[in-house]
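Asker: Pasting a structure below so you can have a look.
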Amino acid sequence: MQKNIQAIRGMNDILPESTPLWRYLEGVLQTVAASYGYQEIRMPLLESTELFKRSIGEVTDIVEKEMYTFADRNGDSLTLRPEGTAGCVRATIESGLLHNQSQRLWYQGPMFRHERPQRGRYRQFHQFGVEAFGLAGPDIDAELILMSARMLERLGLKDNAVLHLNSLGTVESRQIYREKLIHYFEQHQAQLDEDSRNRLYRNPMRILDSKNPQLRDLISRAPKMGDYLDEDSRRHLVGLLAMLDDARIPYQLDPCLVRGLDYYSKTVFEWVTDQLGAQGTLCAGGRFDTLVEHLGGKPTGAAGFAIGMERMVELLRDRRVHDVQVAPQCYLAMMGEAAQRYGIQLAETLRSRLPQLRVLMNCGDAGFKAQLKRADKSGAAIALLIGDDEVRQNRVTVKYLREERTQEQLLLEQLIERLATFVN
RNA sequence: GUGGGCGUAGCUCAGCUGGUAGAGCCCUGGAUUGUGAUUCCAGUUGUCGUGGGUUCGAGCCCCAUCGUCCACCCCA
């Protein structure tokens with residue numbers, strides 16, 4: 001048997017039954033971002049591999065084993081973007097957007113990581129990302145967190161998520177902390193599991209967010225980043241917490257919160273839910289003050305976050321949020337060849353006169369009864385009936401499908417007037 | 001990359017200790033000629049994921065393979 005070609009593993013189609021929900025979600029996020037004065041930016045899906053190696057970090061899992069990397073025809077190494085920040089920074093530097101000015105930007109679109117798919121984790125997944133450049137203080141961190149909180153609130157998901165917060169300090173203070181941590185875990189090496197032992201010298205902070213319950217005790221007694229923060233980072237964090245308190249945004253300080261990408265510094269945060277299984281991070285972000293410089297720009301403070309769209313959609317699906325109108329307002333049923341030719345002209349006229357109207361025209365052979373069934377199934381409020389009689393009289397029979405109302409025969413202008421009341 | 005569960009009609013699934021396939025939904029037609037959500041009647045749908053093995057005989061047992069889901073890992 002010939003095998004049908006299937007979608008690439010971990011890359012899903014978004015079918016018509018869910019696209020309205022996606023558009024609703026995207027619409028809410030865009031509206032909120034705009035209400036904070038953020039502008040949209042669109043970057044290519046493909047970037048030079050070097051960009052991601054330099055920004056995400058050579059020793060991260062993403063770069064080591066999760067990137068879709070391949071050679072262009074001329075031999076250049078290209079990579080399908082595994083996240084949006086790197087490309088966004090590259091674009092803003094390249095276009096001079098950071099020259100003596102700050103930028104507040106958002107983007108959305110697919111990202112690609114070669115991981116084993118599971119609930120809430122796919123090889124092509126979608127993010128809505130927000131980035132702010134050229135602003136060094138805790139005020140912009142607060143703005144971003146407030147924005148993310150508002151997004152959740154608008155979507156009715158405020159009670160589904162908890163805000164986790166931590167500070168990773170500057171690169172220098174983190175270096176000191178890192179050594180303390182290695183020293184601590186070295187002394188208890190026997191208690192570490194295999195994963196953690198592997199991470200001990202490569203990325204000891206990752207041991208902190210291990211899920212192994214046998215390590216919980218050991219981890220809870222480990223040195224805390226908070227005790228090693230430099231003065232600047234400490235003041236930054238205190239300032240941010242005060243602003244969050246003012247805004248009455250509850251948060252949970254989480255000394256074990258470590259982000260997976262190397263470029264983060266100072267503030268990091270995550271909105272986490274317990275309703276999605278193992279992949280519960282809905283939204284995550286933080287500051288990345290050294291990245292712009294690292295990619296060749298002038299030293300520029302920066303912060304941002306990204307929302308995992310699939311995870312949001314899954315939460316919204318449970319709540320049956322449904323706001324987007326796609327059903328046609330009227331369905332055109334026709335009997336006979338003359339009626340069909342009349343009807344197709346009529347449908348065009350209606351679309352010209354009422355641009356907001358959604359007209360679904362019956363196509364293909366079907367009995368009158370079957371056409372009405374289709375009209376009902378389409379969700380249309382009205383069926384427009386055309387047969388020989390209507391063609392002769394130049395009228396259209398209007399049948400109301402969703403209300404007790406006697407049907408009527410209308411001339412074109414009357415019909416347009418009537419249909420106009422169903423458009424909004 | 002490592003584990004475990006599952007793969008039967010378009011969808012959701014049933015199929016008893018092995019005897020060459022079923023239900024509901026959907027779709028189509030009909031219950032007198034041009035009037036839809038209900039009801040009734042009728043009909044279509046499958047090399048039971050794929051390949052091999054055991055057996056007189058396999059959807060059911062064994063092996064392999066692919067796919068999928070969940071978890072580890074990782075992260076949005």
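Just remember, in the structure tokens the first chain shown is A, the second B, etc., residues are 1-based per chain, and ligands are 1-based in the order shown.
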Segment 210-222 of chain A: which residues within 12 Å, counting only C-alpha atoms (C1' of nucleotides), same-chain residues fewer than 3 positions away excluded, as an MDAnalysis selection string?
Answerer: (chainID A and resid 177:178 180:197 199 204:207 225:227 254:258 278) or (chainID B and resid 72:74)
Asker: Neighbours of G22 of chain B within 10 Å (only C-alpha atoms (C1' of nucleotides); same-chain residues fewer than 6 positions away dropped), as a count of residues only?
Answerer: 3
Asker: So which one's closest to A23 of chain B, B:A71, B:A9, B:C56, B:G36? Using only C-alpha atoms (C1' of nucleotides), please.
Answerer: B:A9
Asker: I want to know what sits within 7 Å of Gly169 of chain A, based on only C-alpha atoms (C1' of nucleotides), with residues of the same chain fewer than 3 positions away left out; could you give that as a VMD selection string?
Answerer: chain A and resid 173 to 174 229 to 230 233 265 to 266
Asker: Could you write out that same residue set with N, CA and C atoms as a PDB file, in the first residue's frame?
Answerer:
```pdb
ATOM      1  N   SER A 173      28.487  38.607  39.410  1.00  0.00           N
ATOM      2  CA  SER A 173      28.026  38.044  40.676  1.00  0.00           C
ATOM      3  C   SER A 173      27.569  36.600  40.483  1.00  0.00           C
ATOM      4  N   ARG A 174      27.075  36.313  39.281  1.00  0.00           N
ATOM      5  CA  ARG A 174      26.641  34.943  39.024  1.00  0.00           C
ATOM      6  C   ARG A 174      27.845  34.000  38.994  1.00  0.00           C
ATOM      7  N   LEU A 229      23.912  38.329  45.413  1.00  0.00           N
ATOM      8  CA  LEU A 229      23.630  39.404  44.461  1.00  0.00           C
ATOM      9  C   LEU A 229      24.528  40.607  44.717  1.00  0.00           C
ATOM     10  N   ASP A 230      24.979  41.211  43.649  1.00  0.00           N
ATOM     11  CA  ASP A 230      25.716  42.455  43.774  1.00  0.00           C
ATOM     12  C   ASP A 230      24.752  43.568  44.157  1.00  0.00           C
ATOM     13  N   SER A 233      22.212  44.763  41.413  1.00  0.00           N
ATOM     14  CA  SER A 233      21.138  43.807  41.163  1.00  0.00           C
ATOM     15  C   SER A 233      20.154  43.778  42.323  1.00  0.00           C
ATOM     16  N   SER A 265      20.010  37.969  32.649  1.00  0.00           N
ATOM     17  CA  SER A 265      20.691  38.542  33.804  1.00  0.00           C
ATOM     18  C   SER A 265      19.655  39.274  34.645  1.00  0.00           C
ATOM     19  N   LYS A 266      20.008  39.487  35.908  1.00  0.00           N
ATOM     20  CA  LYS A 266      19.067  40.145  36.838  1.00  0.00           C
ATOM     21  C   LYS A 266      17.699  39.478  36.807  1.00  0.00           C
TER      22      LYS A 266
END
```
Asker: Which polymer residues have any atom within 9 Å of an atom of segment 304-306 of chain A, counting only C-alpha atoms (C1' of nucleotides), with same-chain residues fewer than 2 positions away left out, as a list in words?
Answerer: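 Residues meeting the cut-off are Glu83, Gly84, Thr85, Gln127, Phe128, Gly129, Val130, Glu131, Ala132, Phe133, Asp141, Leu144, Ile145, Ser148, Phe269, Glu270, Leu282, Cys283, Ala284, Gly285, Gly286, Arg287, Phe288, Ala302 and Gly308 of chain A; A76 of chain B.
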Asker: Output as a PyMOL selection string the set of chain A residues within 6 Å of chain B, with distances taken over only C-alpha atoms (C1' of nucleotides).
Answerer: chain A and resi 307-308+372-373+376
Asker: Can I get the selected residues back with N, CA, C and O atoms, as a PDB file, in the first residue's frame?
Answerer:
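Once everything was written out, this is result17.pdb:
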```
ATOM      1  N   ILE A 307       5.397  34.182  25.186  1.00  0.00           N
ATOM      2  CA  ILE A 307       4.245  33.378  25.584  1.00  0.00           C
ATOM      3  C   ILE A 307       4.173  32.153  24.676  1.00  0.00           C
ATOM      4  O   ILE A 307       4.326  32.272  23.464  1.00  0.00           O
ATOM      5  N   GLY A 308       3.949  30.998  25.272  1.00  0.00           N
ATOM      6  CA  GLY A 308       3.777  29.775  24.493  1.00  0.00           C
ATOM      7  C   GLY A 308       2.330  29.643  24.044  1.00  0.00           C
ATOM      8  O   GLY A 308       1.444  29.365  24.835  1.00  0.00           O
ATOM      9  N   LEU A 372     -31.434  23.169   2.432  1.00  0.00           N
ATOM     10  CA  LEU A 372     -31.859  23.780   3.697  1.00  0.00           C
ATOM     11  C   LEU A 372     -31.135  23.153   4.885  1.00  0.00           C
ATOM     12  O   LEU A 372     -30.807  23.826   5.855  1.00  0.00           O
ATOM     13  N   LYS A 373     -30.908  21.867   4.776  1.00  0.00           N
ATOM     14  CA  LYS A 373     -30.143  21.204   5.834  1.00  0.00           C
ATOM     15  C   LYS A 373     -28.748  21.820   5.932  1.00  0.00           C
ATOM     16  O   LYS A 373     -28.250  22.083   7.017  1.00  0.00           O
ATOM     17  N   ASP A 376     -28.872  25.168   7.537  1.00  0.00           N
ATOM     18  CA  ASP A 376     -28.983  25.064   8.990  1.00  0.00           C
ATOM     19  C   ASP A 376     -27.628  24.744   9.596  1.00  0.00           C
ATOM     20  O   ASP A 376     -27.191  25.342  10.571  1.00  0.00           O
TER      21      ASP A 376
END
```
Asker: Excluding C26 of chain B and its own-chain neighbours fewer than 2 positions away, which residues fall within 12 Å of it when counting only C-alpha atoms (C1' of nucleotides)? Please give them as an MDAnalysis selection string.
Answerer: chainID B and resid 9:12 24 28 44:45
Asker: Record the distance separating atom CA of Thr421 of chain A and atom CA of Pro355 of chain A, expressed in Å with one decimal.
Answerer: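 Separation of atom CA of Thr421 of chain A and atom CA of Pro355 of chain A: 13.2 Å.
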